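Participant: Got a file for you: final.pdb, PDB, C-alpha atoms, pLDDT in the B column.
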ATOM      1  CA  MET C   1      -3.938 -27.661  -5.459  1.00 70.00           C
ATOM      2  CA  THR C   2      -2.689 -24.083  -5.529  1.00 81.00           C
ATOM      3  CA  THR C   3      -0.017 -23.160  -3.024  1.00 92.00           C
ATOM      4  CA  LYS C   4       0.558 -19.862  -1.291  1.00 95.00           C
ATOM      5  CA  THR C   5       3.711 -17.941  -2.231  1.00 97.00           C
ATOM      6  CA  ILE C   6       5.270 -15.326   0.012  1.00 97.00           C
ATOM      7  CA  ILE C   7       6.186 -12.122  -1.845  1.00 98.00           C
ATOM      8  CA  ASN C   8       9.197 -10.154  -0.644  1.00 97.00           C
ATOM      9  CA  THR C   9      11.168  -7.292  -2.189  1.00 98.00           C
ATOM     10  CA  GLU C  10      13.968  -5.066  -0.947  1.00 97.00           C
ATOM     11  CA  LYS C  11      12.322  -2.187  -2.862  1.00 98.00           C
ATOM     12  CA  ALA C  12       9.694  -1.933  -0.103  1.00 98.00           C
ATOM     13  CA  PRO C  13      10.127  -1.856   3.671  1.00 97.00           C
ATOM     14  CA  ALA C  14      10.682  -5.151   5.419  1.00 95.00           C
ATOM     15  CA  ALA C  15       7.812  -6.329   7.574  1.00 92.00           C
ATOM     16  CA  ILE C  16       7.920  -4.853  11.084  1.00 90.00           C
ATOM     17  CA  GLY C  17       6.024  -7.768  12.577  1.00 92.00           C
ATOM     18  CA  PRO C  18       5.049 -11.396  11.941  1.00 95.00           C
ATOM     19  CA  TYR C  19       3.603 -10.896   8.451  1.00 96.00           C
ATOM     20  CA  SER C  20       4.616 -10.887   4.772  1.00 97.00           C
ATOM     21  CA  GLN C  21       4.760  -7.959   2.385  1.00 98.00           C
ATOM     22  CA  ALA C  22       2.271  -9.935   0.297  1.00 98.00           C
ATOM     23  CA  ASN C  23       0.929 -13.409  -0.391  1.00 98.00           C
ATOM     24  CA  GLN C  24       0.112 -14.824  -3.780  1.00 98.00           C
ATOM     25  CA  LEU C  25      -2.393 -17.603  -4.322  1.00 97.00           C
ATOM     26  CA  GLY C  26      -2.723 -18.584  -7.957  1.00 96.00           C
ATOM     27  CA  ASN C  27      -3.062 -15.335  -9.850  1.00 96.00           C
ATOM     28  CA  LEU C  28      -4.341 -13.364  -6.835  1.00 98.00           C
ATOM     29  CA  VAL C  29      -2.044 -11.077  -4.832  1.00 98.00           C
ATOM     30  CA  PHE C  30      -2.931  -9.855  -1.345  1.00 98.00           C
ATOM     31  CA  THR C  31      -0.638  -7.134  -0.003  1.00 98.00           C
ATOM     32  CA  SER C  32      -0.127  -6.199   3.593  1.00 98.00           C
ATOM     33  CA  GLY C  33      -0.794  -2.598   4.476  1.00 98.00           C
ATOM     34  CA  GLN C  34       2.046  -0.384   3.317  1.00 98.00           C
ATOM     35  CA  ILE C  35       3.083   2.510   5.506  1.00 98.00           C
ATOM     36  CA  PRO C  36       5.421   5.410   4.619  1.00 98.00           C
ATOM     37  CA  LEU C  37       8.706   3.820   5.605  1.00 98.00           C
ATOM     38  CA  ASP C  38      11.786   4.404   3.505  1.00 98.00           C
ATOM     39  CA  PRO C  39      12.813   0.877   2.446  1.00 98.00           C
ATOM     40  CA  VAL C  40      16.508   1.584   3.075  1.00 97.00           C
ATOM     41  CA  SER C  41      16.474   3.453   6.383  1.00 97.00           C
ATOM     42  CA  MET C  42      13.209   1.916   7.665  1.00 97.00           C
ATOM     43  CA  GLU C  43      12.326   5.389   8.984  1.00 98.00           C
ATOM     44  CA  VAL C  44       9.027   7.203   8.433  1.00 98.00           C
ATOM     45  CA  VAL C  45       9.463   9.743   5.623  1.00 98.00           C
ATOM     46  CA  ALA C  46       9.459  13.398   6.640  1.00 96.00           C
ATOM     47  CA  GLY C  47       6.496  15.592   5.800  1.00 97.00           C
ATOM     48  CA  GLY C  48       2.745  15.492   5.926  1.00 98.00           C
ATOM     49  CA  VAL C  49       0.069  13.346   4.359  1.00 98.00           C
ATOM     50  CA  THR C  50       1.151  14.155   0.776  1.00 98.00           C
ATOM     51  CA  GLU C  51       4.720  12.974   1.312  1.00 98.00           C
ATOM     52  CA  GLN C  52       3.599   9.976   3.326  1.00 98.00           C
ATOM     53  CA  ALA C  53       0.989   8.964   0.736  1.00 98.00           C
ATOM     54  CA  GLU C  54       3.614   9.181  -2.012  1.00 98.00           C
ATOM     55  CA  GLN C  55       5.943   6.820  -0.133  1.00 98.00           C
ATOM     56  CA  VAL C  56       3.094   4.438   0.675  1.00 98.00           C
ATOM     57  CA  MET C  57       2.156   4.213  -2.993  1.00 98.00           C
ATOM     58  CA  LYS C  58       5.787   3.676  -4.058  1.00 98.00           C
ATOM     59  CA  ASN C  59       6.068   0.862  -1.523  1.00 98.00           C
ATOM     60  CA  LEU C  60       2.782  -0.665  -2.670  1.00 98.00           C
ATOM     61  CA  MET C  61       3.809  -0.545  -6.336  1.00 98.00           C
ATOM     62  CA  ALA C  62       7.150  -2.215  -5.503  1.00 98.00           C
ATOM     63  CA  VAL C  63       5.395  -5.110  -3.762  1.00 98.00           C
ATOM     64  CA  LEU C  64       2.895  -5.487  -6.597  1.00 98.00           C
ATOM     65  CA  GLU C  65       5.681  -5.425  -9.192  1.00 98.00           C
ATOM     66  CA  GLU C  66       7.588  -8.147  -7.337  1.00 98.00           C
ATOM     67  CA  ALA C  67       4.465 -10.331  -7.563  1.00 98.00           C
ATOM     68  CA  GLY C  68       3.996  -9.648 -11.274  1.00 98.00           C
ATOM     69  CA  ALA C  69       1.036  -7.315 -10.738  1.00 98.00           C
ATOM     70  CA  SER C  70       0.666  -3.556 -11.236  1.00 97.00           C
ATOM     71  CA  ALA C  71      -1.624  -0.619 -10.549  1.00 97.00           C
ATOM     72  CA  LYS C  72      -3.654  -1.687 -13.586  1.00 97.00           C
ATOM     73  CA  THR C  73      -4.356  -5.114 -12.069  1.00 98.00           C
ATOM     74  CA  VAL C  74      -5.421  -3.925  -8.608  1.00 98.00           C
ATOM     75  CA  VAL C  75      -9.093  -4.748  -8.042  1.00 98.00           C
ATOM     76  CA  LYS C  76      -9.540  -3.450  -4.466  1.00 98.00           C
ATOM     77  CA  THR C  77      -7.713  -1.225  -2.024  1.00 98.00           C
ATOM     78  CA  THR C  78      -8.344  -0.433   1.575  1.00 98.00           C
ATOM     79  CA  CYS C  79      -6.971   2.919   2.690  1.00 98.00           C
ATOM     80  CA  PHE C  80      -6.537   3.972   6.293  1.00 98.00           C
ATOM     81  CA  ILE C  81      -6.015   7.635   7.122  1.00 98.00           C
ATOM     82  CA  LYS C  82      -5.454   9.268  10.474  1.00 98.00           C
ATOM     83  CA  ASP C  83      -7.571  12.322   9.686  1.00 98.00           C
ATOM     84  CA  MET C  84     -10.432  12.484   7.177  1.00 98.00           C
ATOM     85  CA  ASN C  85      -9.535  16.157   6.686  1.00 98.00           C
ATOM     86  CA  ASP C  86      -6.551  14.803   4.706  1.00 98.00           C
ATOM     87  CA  PHE C  87      -8.856  12.953   2.286  1.00 98.00           C
ATOM     88  CA  VAL C  88      -8.435  15.433  -0.604  1.00 98.00           C
ATOM     89  CA  ALA C  89      -4.633  15.592  -0.280  1.00 98.00           C
ATOM     90  CA  PHE C  90      -4.451  11.796  -0.052  1.00 98.00           C
ATOM     91  CA  ASN C  91      -6.669  11.405  -3.136  1.00 98.00           C
ATOM     92  CA  GLU C  92      -4.408  13.686  -5.194  1.00 98.00           C
ATOM     93  CA  VAL C  93      -1.490  11.305  -4.657  1.00 98.00           C
ATOM     94  CA  TYR C  94      -3.540   8.094  -4.830  1.00 98.00           C
ATOM     95  CA  GLY C  95      -5.208   9.215  -8.068  1.00 97.00           C
ATOM     96  CA  LYS C  96      -1.851   9.553  -9.850  1.00 97.00           C
ATOM     97  CA  TYR C  97      -1.259   5.841  -9.405  1.00 98.00           C
ATOM     98  CA  PHE C  98      -4.755   4.762 -10.418  1.00 97.00           C
ATOM     99  CA  ALA C  99      -5.460   7.191 -13.265  1.00 92.00           C
ATOM    100  CA  GLU C 100      -6.631   4.276 -15.434  1.00 89.00           C
ATOM    101  CA  LEU C 101      -8.819   1.414 -14.278  1.00 90.00           C
ATOM    102  CA  ALA C 102      -9.393   2.693 -10.752  1.00 96.00           C
ATOM    103  CA  PRO C 103      -9.994  -0.186  -8.335  1.00 98.00           C
ATOM    104  CA  ALA C 104     -12.825  -0.501  -5.862  1.00 98.00           C
ATOM    105  CA  ARG C 105     -11.808   1.189  -2.622  1.00 98.00           C
ATOM    106  CA  SER C 106     -12.677   1.710   1.003  1.00 98.00           C
ATOM    107  CA  CYS C 107     -11.170   4.643   2.887  1.00 98.00           C
ATOM    108  CA  ILE C 108     -11.398   4.600   6.645  1.00 98.00           C
ATOM    109  CA  GLU C 109     -10.380   7.130   9.279  1.00 98.00           C
ATOM    110  CA  VAL C 110      -8.604   5.385  12.131  1.00 98.00           C
ATOM    111  CA  ALA C 111      -7.497   6.416  15.610  1.00 98.00           C
ATOM    112  CA  ARG C 112      -3.913   5.265  15.188  1.00 97.00           C
ATOM    113  CA  LEU C 113      -1.637   3.511  12.703  1.00 98.00           C
ATOM    114  CA  PRO C 114       1.693   1.701  13.189  1.00 96.00           C
ATOM    115  CA  LYS C 115       4.564   4.071  13.990  1.00 96.00           C
ATOM    116  CA  ASP C 116       1.959   6.857  14.241  1.00 97.00           C
ATOM    117  CA  VAL C 117       1.948   7.382  10.465  1.00 98.00           C
ATOM    118  CA  LEU C 118      -0.824   9.292   8.710  1.00 98.00           C
ATOM    119  CA  VAL C 119      -1.753   6.778   5.993  1.00 98.00           C
ATOM    120  CA  GLU C 120      -1.652   3.052   5.163  1.00 98.00           C
ATOM    121  CA  VAL C 121      -2.849   1.249   2.012  1.00 98.00           C
ATOM    122  CA  GLU C 122      -3.365  -2.448   1.256  1.00 98.00           C
ATOM    123  CA  ALA C 123      -4.442  -3.997  -2.029  1.00 98.00           C
ATOM    124  CA  VAL C 124      -5.804  -7.064  -3.755  1.00 98.00           C
ATOM    125  CA  ALA C 125      -4.595  -7.552  -7.318  1.00 98.00           C
ATOM    126  CA  TYR C 126      -4.235 -10.245  -9.949  1.00 98.00           C
ATOM    127  CA  THR C 127      -1.442 -11.264 -12.256  1.00 97.00           C
ATOM    128  CA  ALA C 128      -2.180 -11.422 -15.949  1.00 82.00           C
TER     129      ALA C 128
END
Represent the structure from my file as structure tokens, please.

Facilitator:
Amino acid sequence: MTTKTIINTEKAPAAIGPYSQANQLGNLVFTSGQIPLDPVSMEVVAGGVTEQAEQVMKNLMAVLEEAGASAKTVVKTTCFIKDMNDFVAFNEVYGKYFAELAPARSCIEVARLPKDVLVEVEAVAYTA
């Protein structure tokens, strides 16, 4: 029987609620949504969607790395953005992290995100 492992790293923001940064079951990794918090100050990074997307992706990569996964092993992401007018700017940042082997993706405009941020990304990946 495979057991669930909780993934936690100081290189990404601590959970701000009753959840884990990620869970691993066998070779599958399921991340929680990452928002643009600085992992040290736990404050939302200054700037617009570009700066926030960059921090989100750094946080996501840190969680994946802690689990033994990477951008290359992500099979699906779900992206939440506050304003679909930011889609192009978000994609410019997102695309830098998934230049090779782009995962399947959903991108959804939402009314509101935690801490009133502009973007959140969660992922499903595997470990090799």

Participant: Running the PyMOL selection byres ((chain C and resi 79-81) around 8) on this model by hand, what would come out? Give it as a list in words.

Facilitator: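 Taken over the shown coordinates, the PyMOL selection byres ((chain C and resi 79-81) around 8) returns Thr77, Thr78, Lys82, Asp83, Met84, Asp86, Phe87, Arg105, Ser106, Cys107, Ile108, Glu109, Val110, Leu118, Val119, Glu120, Val121 and Glu122 of chain C.
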
Participant: Starting from the shown file, work through the PyMOL selection byres ((chain C and resi 45-56) around 10) and note down what comes out as an MDAnalysis selection string.

Facilitator: chainID C and resid 12:13 33:39 41:44 57:62 81:83 86:94 96:97 117:122

Participant: Any chance you could work out the residue set of the PyMOL selection byres ((chain C and resi 2) around 10) here, as a PyMOL selection string?

Facilitator: chain C and resi 1+3-5+24-27

Participant: Could you write those residues out with C-alpha atoms, as a short mmCIF file (atom, residue, chain, number, x, y, z; two decimals), in the coordinates of the input?

Facilitator:
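Output (part_26.cif):
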data_model
loop_
_atom_site.label_atom_id
_atom_site.label_comp_id
_atom_site.auth_asym_id
_atom_site.auth_seq_id
_atom_site.Cartn_x
_atom_site.Cartn_y
_atom_site.Cartn_z
CA MET C 1 -3.94 -27.66 -5.46
CA THR C 3 -0.02 -23.16 -3.02
CA LYS C 4 0.56 -19.86 -1.29
CA THR C 5 3.71 -17.94 -2.23
CA GLN C 24 0.11 -14.82 -3.78
CA LEU C 25 -2.39 -17.60 -4.32
CA GLY C 26 -2.72 -18.58 -7.96
CA ASN C 27 -3.06 -15.34 -9.85
#

Participant: Step by step: start from the point (-11.2, -4.9, -2.8) in the file's coordinates, keep every protein, DNA or RNA residue that has an atom no farther than 6 Å from it, count all atoms listed in the file, and write the set as a list in words.

Facilitator: Val75, Lys76, Thr77, Ala104 and Val124 of chain C

Participant: Let me make sure I understand: among C:Phe30, C:Val74, C:Pro103, C:Arg112, which one has the smallest atom-to-atom distance to Ala128 (chain C) if we use all atoms listed in the file?

Facilitator: C:Val74

Participant: At a cut-off of 10 Å, using only C-alpha atoms, what residues contact Thr73 (chain C)? Leave out same-chain residues fewer than 5 positions from it and give the result as a PyMOL selection string.

Facilitator: chain C and resi 28-29+64+68+101-103+124-128

Participant: What is the distance, in Å and to one decimal place, between CA of Ser20 (chain C) and CA of Val63 (chain C)?

Facilitator: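 Taking CA of Ser20 (chain C) as the start and CA of Val63 (chain C) as the end point, the length is 10.3 Å.
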